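Note sheet for the following structure.
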Amino acid sequence: MTGRGPVGTGGQAEVSGDSVCGAIEVSRLTKVFAGRTAVSDISFSVAGGEVFGFLGPNGAGKTTTVRILATLISPTAGSATVAGIPIGPDGAAEIRRRIAVMPESPGLYQRLTVTENLEYFARLYGLPRRQDRMAEALAAVGLADRAHDLTGRLSKGLRQRVALARSLLNEPAVMFLDEPTSGLDPVAAHEVHGLIAGLRDRGVTVFLTTHRLAEAERLCDRVAIMNTTLRTIGRPEDLRQQLFAASLDVTVAAALPEPGRVFGTLPAVLGWKPAGPPGGGLAGYALTVSDAGRAAPAVTRALVAAGADVLSIAQSRHTLEDVYLELVGDVREQAR
Amino acid sequence: MSASTARVGAVIRKELAEFRRNRLIIGTAAVLPVIFLVIPTVSILTVKTSALSAGLAKGIDRSLFLPLIVPVLVPSMMSAYSVVGEREQGTLEPVLTTPVSRAELLIGKAAAIFIPAAALGYLIFGVFVAITQFAAAPAVAAAVRHAPQLPATLIFIPLLAAWAIWVGLAISARVTDTRVAQQLSTLGSLPAAALAALMSFQVIGPTFGLAAALAGGLLAVDCAACLAVARLFDRERLITGATRKGN
């Protein structure tokens, strides 16, 4: 990892969740269970129609936050609005009409058929045109031909799809998906990704909690990383840029005799260090740069002038996983 | 507690559909009533007419007591599973995220148990009385027909069932283990079974007035239990196992 950018280390003043047209607005939300703080002073907004990723290690408070927003549990302090309605006893029933929650476990009645499961929830929501809604929901998840199967006989992936169909019944404005691909094989997970992308196309606001960082990077417009407190929030690309300084990875055929003289005076190059040897007699260097576009040509010219055989010069790519590990890893280090 | 009949109906339909598909529940719910029908029937049919008065009266007391156990024990076991069972299966949380109120959910669950339990109680009792009228000696049949417990039993079957259901639901909403819920629920239904025994064995003389007073008292207790269970049914506790207090 190269140098740290300007992202804070979790202080709430440093983390901004600004967004427009908030489908979810959270302000200084805190939840304490019998002396143990599960969620501490988090604030953020989620825009209407946004796919918002909520990331964090086990016990970070992700599910607790979802449960608070879904009106299942009450916050110890702070406030929130969901679909424009403040959470609390007065608005709880109305919020529940406008949202859907898909917990990690599909929570289906295994002795009932797919249709019976959906019909139960359609009746609980008091939906008109129940049969049409159920048919539409099943078609949306590709399960129209399994409507009369017992859910207990379906594979885990298919059950997850039934749970998603159930969540679509009331045409929610906000959908909370808690680890929707947990335990699924790659093909089933890929199908669920397609369904979530379909939700975005329908204009549904999706609040996605997941451990799968590649999933969040692929699906989410913005992500928040939390570990009891909110660590950071933003678009995955922005987080990478904020957290990691731009850098170039240089590979040459042999170690430079005086790398300091080659890299030290180049414009836009802020620093350098030897990188792990690529092997086969090759040598690698990691350059911290202020502007990769300006630095790369200058580095190339300097290496050629120094007589080096340049094999590659590439801009370093940091994944969301790097961002996550940088932030969450820090907390674990401090905890030791 | 305002409730939507449509949502209560949805809960009842779902619960009954689950009972129908669960052979274990049907099996256990059927075995007890059969035992409690066979034993008193055999007992009353074998009473000798020569053993009239004290012997016959005891036989009738015993025979009329056992059918009253059915509406106590069967709903007790079913209601004990009702909430904690859903929690263990992971089906409770999705339900609690819908607009269904706790009153609707509880009334639906209670009604879904009450309907078959009361029906079963009346069925057992009806079959027993019918058999005695057609197959027992005329003196025995007449004694059963005129037993003072007979009308009290008719009133007490639904009231005892309701008691067992609310006790079972209250326990089911508070504990986290199905086995514990069923054991506690059985214990909780003992007062109802004791009341039935006292009536059947005429320790409490089942005069019309006393039966009506006890029935009224039990009805009041059932209503209070319904309200108390609704208070115990807290979404947060059910989901996290923690109370709001101290949070």
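By order in the structure tokens, chains are A, B, ...; within a chain, residues start at 1; ligands start at 1, following the order shown.
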
Checklist entry - Near chain B, which residues of chain A fall within 7 Å when you count only C-alpha atoms, and what do they look like as number ranges by chain? => result A: 32-34, 70, 72-73, 76, 93, 96-97, 101, 105, 107-109, 111-112, 120, 123-125

Convert the current residue selection to file output with N, CA and C atoms, as a PDB file, in the first residue's frame.
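So the final result, stored in part38.pdb, reads:
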```pdb
ATOM      1  N   VAL A  32     -27.377   0.766  21.314  1.00  0.00           N
ATOM      2  CA  VAL A  32     -26.611   0.088  22.363  1.00  0.00           C
ATOM      3  C   VAL A  32     -27.460  -1.076  22.874  1.00  0.00           C
ATOM      4  N   PHE A  33     -26.878  -2.264  22.892  1.00  0.00           N
ATOM      5  CA  PHE A  33     -27.542  -3.446  23.445  1.00  0.00           C
ATOM      6  C   PHE A  33     -26.889  -3.789  24.782  1.00  0.00           C
ATOM      7  N   ALA A  34     -27.600  -3.576  25.854  1.00  0.00           N
ATOM      8  CA  ALA A  34     -27.117  -3.975  27.174  1.00  0.00           C
ATOM      9  C   ALA A  34     -25.657  -3.581  27.395  1.00  0.00           C
ATOM     10  N   ALA A  70     -35.652  -0.614   9.133  1.00  0.00           N
ATOM     11  CA  ALA A  70     -36.852  -1.383   8.784  1.00  0.00           C
ATOM     12  C   ALA A  70     -37.882  -1.373   9.919  1.00  0.00           C
ATOM     13  N   LEU A  72     -37.751  -2.566  12.828  1.00  0.00           N
ATOM     14  CA  LEU A  72     -37.839  -3.766  13.667  1.00  0.00           C
ATOM     15  C   LEU A  72     -37.311  -3.494  15.070  1.00  0.00           C
ATOM     16  N   ILE A  73     -36.316  -2.639  15.167  1.00  0.00           N
ATOM     17  CA  ILE A  73     -35.795  -2.269  16.482  1.00  0.00           C
ATOM     18  C   ILE A  73     -35.674  -0.754  16.541  1.00  0.00           C
ATOM     19  N   THR A  76     -31.191   3.761  20.004  1.00  0.00           N
ATOM     20  CA  THR A  76     -30.955   4.315  21.337  1.00  0.00           C
ATOM     21  C   THR A  76     -30.885   5.839  21.252  1.00  0.00           C
ATOM     22  N   ALA A  93     -45.745   1.552  10.627  1.00  0.00           N
ATOM     23  CA  ALA A  93     -46.595   0.755   9.733  1.00  0.00           C
ATOM     24  C   ALA A  93     -46.514   1.288   8.302  1.00  0.00           C
ATOM     25  N   ARG A  96     -43.274   0.280   6.714  1.00  0.00           N
ATOM     26  CA  ARG A  96     -43.288  -1.143   6.336  1.00  0.00           C
ATOM     27  C   ARG A  96     -44.071  -1.380   5.052  1.00  0.00           C
ATOM     28  N   ARG A  97     -45.064  -0.530   4.800  1.00  0.00           N
ATOM     29  CA  ARG A  97     -45.796  -0.657   3.536  1.00  0.00           C
ATOM     30  C   ARG A  97     -44.917  -0.286   2.347  1.00  0.00           C
ATOM     31  N   VAL A 101     -37.762  -6.042   2.973  1.00  0.00           N
ATOM     32  CA  VAL A 101     -36.505  -6.489   3.577  1.00  0.00           C
ATOM     33  C   VAL A 101     -36.277  -7.943   3.186  1.00  0.00           C
ATOM     34  N   SER A 105     -31.161 -15.022   5.611  1.00  0.00           N
ATOM     35  CA  SER A 105     -31.862 -16.292   5.417  1.00  0.00           C
ATOM     36  C   SER A 105     -33.183 -15.978   4.710  1.00  0.00           C
ATOM     37  N   GLY A 107     -36.043 -17.155   4.832  1.00  0.00           N
ATOM     38  CA  GLY A 107     -37.205 -17.116   5.720  1.00  0.00           C
ATOM     39  C   GLY A 107     -38.505 -17.503   5.041  1.00  0.00           C
ATOM     40  N   LEU A 108     -38.454 -18.638   4.319  1.00  0.00           N
ATOM     41  CA  LEU A 108     -39.660 -19.106   3.631  1.00  0.00           C
ATOM     42  C   LEU A 108     -40.283 -20.255   4.410  1.00  0.00           C
ATOM     43  N   TYR A 109     -41.576 -20.392   4.269  1.00  0.00           N
ATOM     44  CA  TYR A 109     -42.277 -21.526   4.899  1.00  0.00           C
ATOM     45  C   TYR A 109     -42.072 -22.732   3.993  1.00  0.00           C
ATOM     46  N   ARG A 111     -42.943 -25.799   4.096  1.00  0.00           N
ATOM     47  CA  ARG A 111     -44.026 -26.740   3.799  1.00  0.00           C
ATOM     48  C   ARG A 111     -45.075 -26.120   2.880  1.00  0.00           C
ATOM     49  N   LEU A 112     -44.919 -24.859   2.571  1.00  0.00           N
ATOM     50  CA  LEU A 112     -45.860 -24.196   1.665  1.00  0.00           C
ATOM     51  C   LEU A 112     -45.227 -24.068   0.284  1.00  0.00           C
ATOM     52  N   TYR A 120     -49.360 -15.338   1.114  1.00  0.00           N
ATOM     53  CA  TYR A 120     -49.413 -14.937   2.529  1.00  0.00           C
ATOM     54  C   TYR A 120     -48.934 -13.491   2.683  1.00  0.00           C
ATOM     55  N   ARG A 123     -51.227 -10.879   1.130  1.00  0.00           N
ATOM     56  CA  ARG A 123     -52.383 -10.593   1.996  1.00  0.00           C
ATOM     57  C   ARG A 123     -51.962  -9.729   3.186  1.00  0.00           C
ATOM     58  N   LEU A 124     -50.781 -10.005   3.736  1.00  0.00           N
ATOM     59  CA  LEU A 124     -50.321  -9.183   4.864  1.00  0.00           C
ATOM     60  C   LEU A 124     -50.123  -7.728   4.428  1.00  0.00           C
ATOM     61  N   TYR A 125     -49.689  -7.538   3.188  1.00  0.00           N
ATOM     62  CA  TYR A 125     -49.529  -6.170   2.675  1.00  0.00           C
ATOM     63  C   TYR A 125     -50.873  -5.577   2.250  1.00  0.00           C
TER      64      TYR A 125
END
```

Next on the checklist: Among segment 66-221 of chain A, which residues does DSSP mark as strand (DSSP E or B) when it is run on the backbone? Keep the chain and numbering as in the structure and answer as a list in words.
Outcome noted: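 For segment 66-221 of chain A, the strand (DSSP E or B) set is Ala77, Gly78, Ser79, Ala80, Thr81, Val82, Ile85, Pro86, Ile99, Ala100, Val101, Met102, Thr113, Leu150, Val174, Met175, Phe176, Leu177, Asp178, Thr205, Val206, Phe207, Leu208, Thr209 and Thr210 of chain A.
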
Could you please take those selected residues and save N, CA and C atoms as a compact mmCIF listing (two decimals), in the first residue's frame?
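File written: part_16.txt
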```txt
# COMPACT_ATOMS: atom_id res chain seq x y z
N ALA A 77 -30.30 6.33 20.17
CA ALA A 77 -30.23 7.78 19.95
C ALA A 77 -30.18 8.03 18.45
N GLY A 78 -30.46 9.27 18.08
CA GLY A 78 -30.41 9.63 16.67
C GLY A 78 -31.76 9.45 16.00
N SER A 79 -31.78 9.79 14.72
CA SER A 79 -33.05 9.72 13.99
C SER A 79 -32.78 9.29 12.56
N ALA A 80 -33.86 8.93 11.89
CA ALA A 80 -33.75 8.53 10.48
C ALA A 80 -35.10 8.66 9.81
N THR A 81 -35.08 8.89 8.51
CA THR A 81 -36.31 8.80 7.73
C THR A 81 -36.08 7.77 6.64
N VAL A 82 -37.13 7.02 6.36
CA VAL A 82 -37.07 6.03 5.30
C VAL A 82 -38.28 6.29 4.40
N ILE A 85 -40.44 9.06 5.61
CA ILE A 85 -41.19 8.96 6.86
C ILE A 85 -40.23 8.74 8.02
N PRO A 86 -40.36 9.53 9.07
CA PRO A 86 -39.47 9.32 10.22
C PRO A 86 -39.71 7.96 10.86
N ILE A 99 -41.47 -0.40 2.15
CA ILE A 99 -40.15 -1.03 2.03
C ILE A 99 -40.30 -2.53 1.89
N ALA A 100 -39.22 -3.18 1.56
CA ALA A 100 -39.15 -4.64 1.63
C ALA A 100 -37.79 -4.99 2.20
N VAL A 101 -37.76 -6.04 2.97
CA VAL A 101 -36.50 -6.49 3.58
C VAL A 101 -36.28 -7.94 3.19
N MET A 102 -35.12 -8.19 2.65
CA MET A 102 -34.77 -9.58 2.36
C MET A 102 -33.61 -9.95 3.28
N THR A 113 -46.08 -23.96 -0.72
CA THR A 113 -45.56 -23.79 -2.08
C THR A 113 -45.07 -22.35 -2.26
N LEU A 150 -43.05 -26.93 -3.67
CA LEU A 150 -42.83 -26.65 -2.25
C LEU A 150 -41.48 -25.95 -2.11
N VAL A 174 -38.05 1.36 -1.23
CA VAL A 174 -36.71 1.06 -0.70
C VAL A 174 -36.64 -0.43 -0.40
N MET A 175 -35.58 -1.07 -0.87
CA MET A 175 -35.43 -2.49 -0.59
C MET A 175 -34.11 -2.72 0.15
N PHE A 176 -34.21 -3.43 1.26
CA PHE A 176 -33.02 -3.76 2.05
C PHE A 176 -32.64 -5.21 1.74
N LEU A 177 -31.46 -5.41 1.25
CA LEU A 177 -30.99 -6.76 0.94
C LEU A 177 -29.81 -7.06 1.85
N ASP A 178 -29.99 -8.02 2.73
CA ASP A 178 -28.95 -8.36 3.70
C ASP A 178 -28.23 -9.61 3.21
N THR A 205 -34.79 1.99 -4.74
CA THR A 205 -33.59 2.28 -3.96
C THR A 205 -33.17 0.98 -3.26
N VAL A 206 -31.95 0.58 -3.48
CA VAL A 206 -31.48 -0.70 -2.91
C VAL A 206 -30.41 -0.41 -1.86
N PHE A 207 -30.63 -0.94 -0.68
CA PHE A 207 -29.67 -0.83 0.42
C PHE A 207 -29.09 -2.23 0.61
N LEU A 208 -27.87 -2.40 0.15
CA LEU A 208 -27.28 -3.74 0.06
C LEU A 208 -26.18 -3.93 1.09
N THR A 209 -26.37 -4.82 2.02
CA THR A 209 -25.27 -5.15 2.91
C THR A 209 -24.61 -6.42 2.39
N THR A 210 -23.32 -6.40 2.36
CA THR A 210 -22.62 -7.56 1.80
C THR A 210 -21.19 -7.64 2.33
```

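Of the residues listed (B:Leu56, B:Val74, B:Val84, B:Leu68), B:Val84 shows the shortest atom-to-atom separation from Ala170 of chain B; distances use only C-alpha atoms.
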
Item to check | Nearest to Ala254 of chain A by atom-to-atom distance, counting only C-alpha atoms, from A:Pro180, A:Gly281, A:Gly157, A:Pro89 | outcome: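 Closest candidate: A:Gly281.
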
Next on the checklist: If I take atom CA of Ile24 of chain A and atom CA of Leu69 of chain A, how far is one from the other in Å, to one decimal?
Outcome noted: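 One can read the atom CA of Ile24 of chain A to atom CA of Leu69 of chain A distance as 8.4 Å.
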
Item to check | Atom pair atom CA of Arg133 of chain A / atom CA of Leu169 of chain A: separation (Å) | outcome: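 Computed distance, atom CA of Arg133 of chain A to atom CA of Leu169 of chain A, equals 6.0 Å.
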
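Look at Ile60 of chain B: the protein and nucleic acid residues within 8 Å of it, using only C-alpha atoms and passing over chain neighbours fewer than 6 places away, are Ile44, Ala143, Val144 and Ala147 of chain B.
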
Convert the current residue selection to file output with N, CA and C atoms, as a PDB file, in the first residue's frame.
```
ATOM      1  N   ILE B  44     -66.749 -46.437  30.452  1.00  0.00           N
ATOM      2  CA  ILE B  44     -68.181 -46.243  30.711  1.00  0.00           C
ATOM      3  C   ILE B  44     -69.001 -47.423  30.192  1.00  0.00           C
ATOM      4  N   ALA B 143     -77.650 -41.738  33.028  1.00  0.00           N
ATOM      5  CA  ALA B 143     -76.809 -41.054  34.013  1.00  0.00           C
ATOM      6  C   ALA B 143     -75.857 -40.062  33.325  1.00  0.00           C
ATOM      7  N   VAL B 144     -75.316 -40.468  32.177  1.00  0.00           N
ATOM      8  CA  VAL B 144     -74.428 -39.553  31.430  1.00  0.00           C
ATOM      9  C   VAL B 144     -75.228 -38.352  30.947  1.00  0.00           C
ATOM     10  N   ALA B 147     -75.847 -35.983  33.711  1.00  0.00           N
ATOM     11  CA  ALA B 147     -74.695 -35.592  34.556  1.00  0.00           C
ATOM     12  C   ALA B 147     -74.603 -34.073  34.618  1.00  0.00           C
TER      13      ALA B 147
END
```

Next on the checklist: I'd like the neighbourhood of segment 192-195 of chain B as a PyMOL selection string, where a residue qualifies if any of its atoms comes within 12 Å (using only C-alpha atoms), though same-chain residues fewer than 5 positions away should be ignored.
Outcome noted: chain B and resi 65-74+76+152-153+156-167+185-187+200-206+211+214-215+217-218+221-222

Next on the checklist: Restricting the calculation to only C-alpha atoms: of A:Leu282, A:Leu311, A:Val39, A:Ala302, which residue gets closest to Gly61 of chain A?
Outcome noted: A:Val39

Checklist entry - Quick one: residues within 7 Å of Ala181 of chain B, only C-alpha atoms counted, chain neighbours fewer than 3 positions away excluded, as a list in words? => result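 Surrounding residues, per the criterion: Ala80, Tyr81, Ile171, Ser172, Val175, Asp177, Thr178, Leu184 and Ser185 of chain B.
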
Take the residues from that selection and put them in a file with C-alpha atoms, as a PDB file, in the first residue's frame.
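This went into again_12.pdb:
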```pdb
ATOM      1  CA  ALA B  80     -45.846 -23.022  22.416  1.00  0.00           C
ATOM      2  CA  TYR B  81     -44.234 -23.677  19.046  1.00  0.00           C
ATOM      3  CA  ILE B 171     -44.273 -18.319  26.656  1.00  0.00           C
ATOM      4  CA  SER B 172     -43.481 -18.751  22.977  1.00  0.00           C
ATOM      5  CA  VAL B 175     -38.296 -17.891  25.243  1.00  0.00           C
ATOM      6  CA  ASP B 177     -35.943 -22.526  22.552  1.00  0.00           C
ATOM      7  CA  THR B 178     -38.880 -24.550  21.294  1.00  0.00           C
ATOM      8  CA  LEU B 184     -43.266 -24.368  30.167  1.00  0.00           C
ATOM      9  CA  SER B 185     -46.482 -24.238  28.223  1.00  0.00           C
TER      10      SER B 185
END
```

Next on the checklist: Please compute the atom CA of Leu239 of chain A-atom CA of Val26 of chain A distance, one decimal, in Å.
Outcome noted: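 Atom CA of Val26 of chain A lies at a distance of 20.5 Å from atom CA of Leu239 of chain A.
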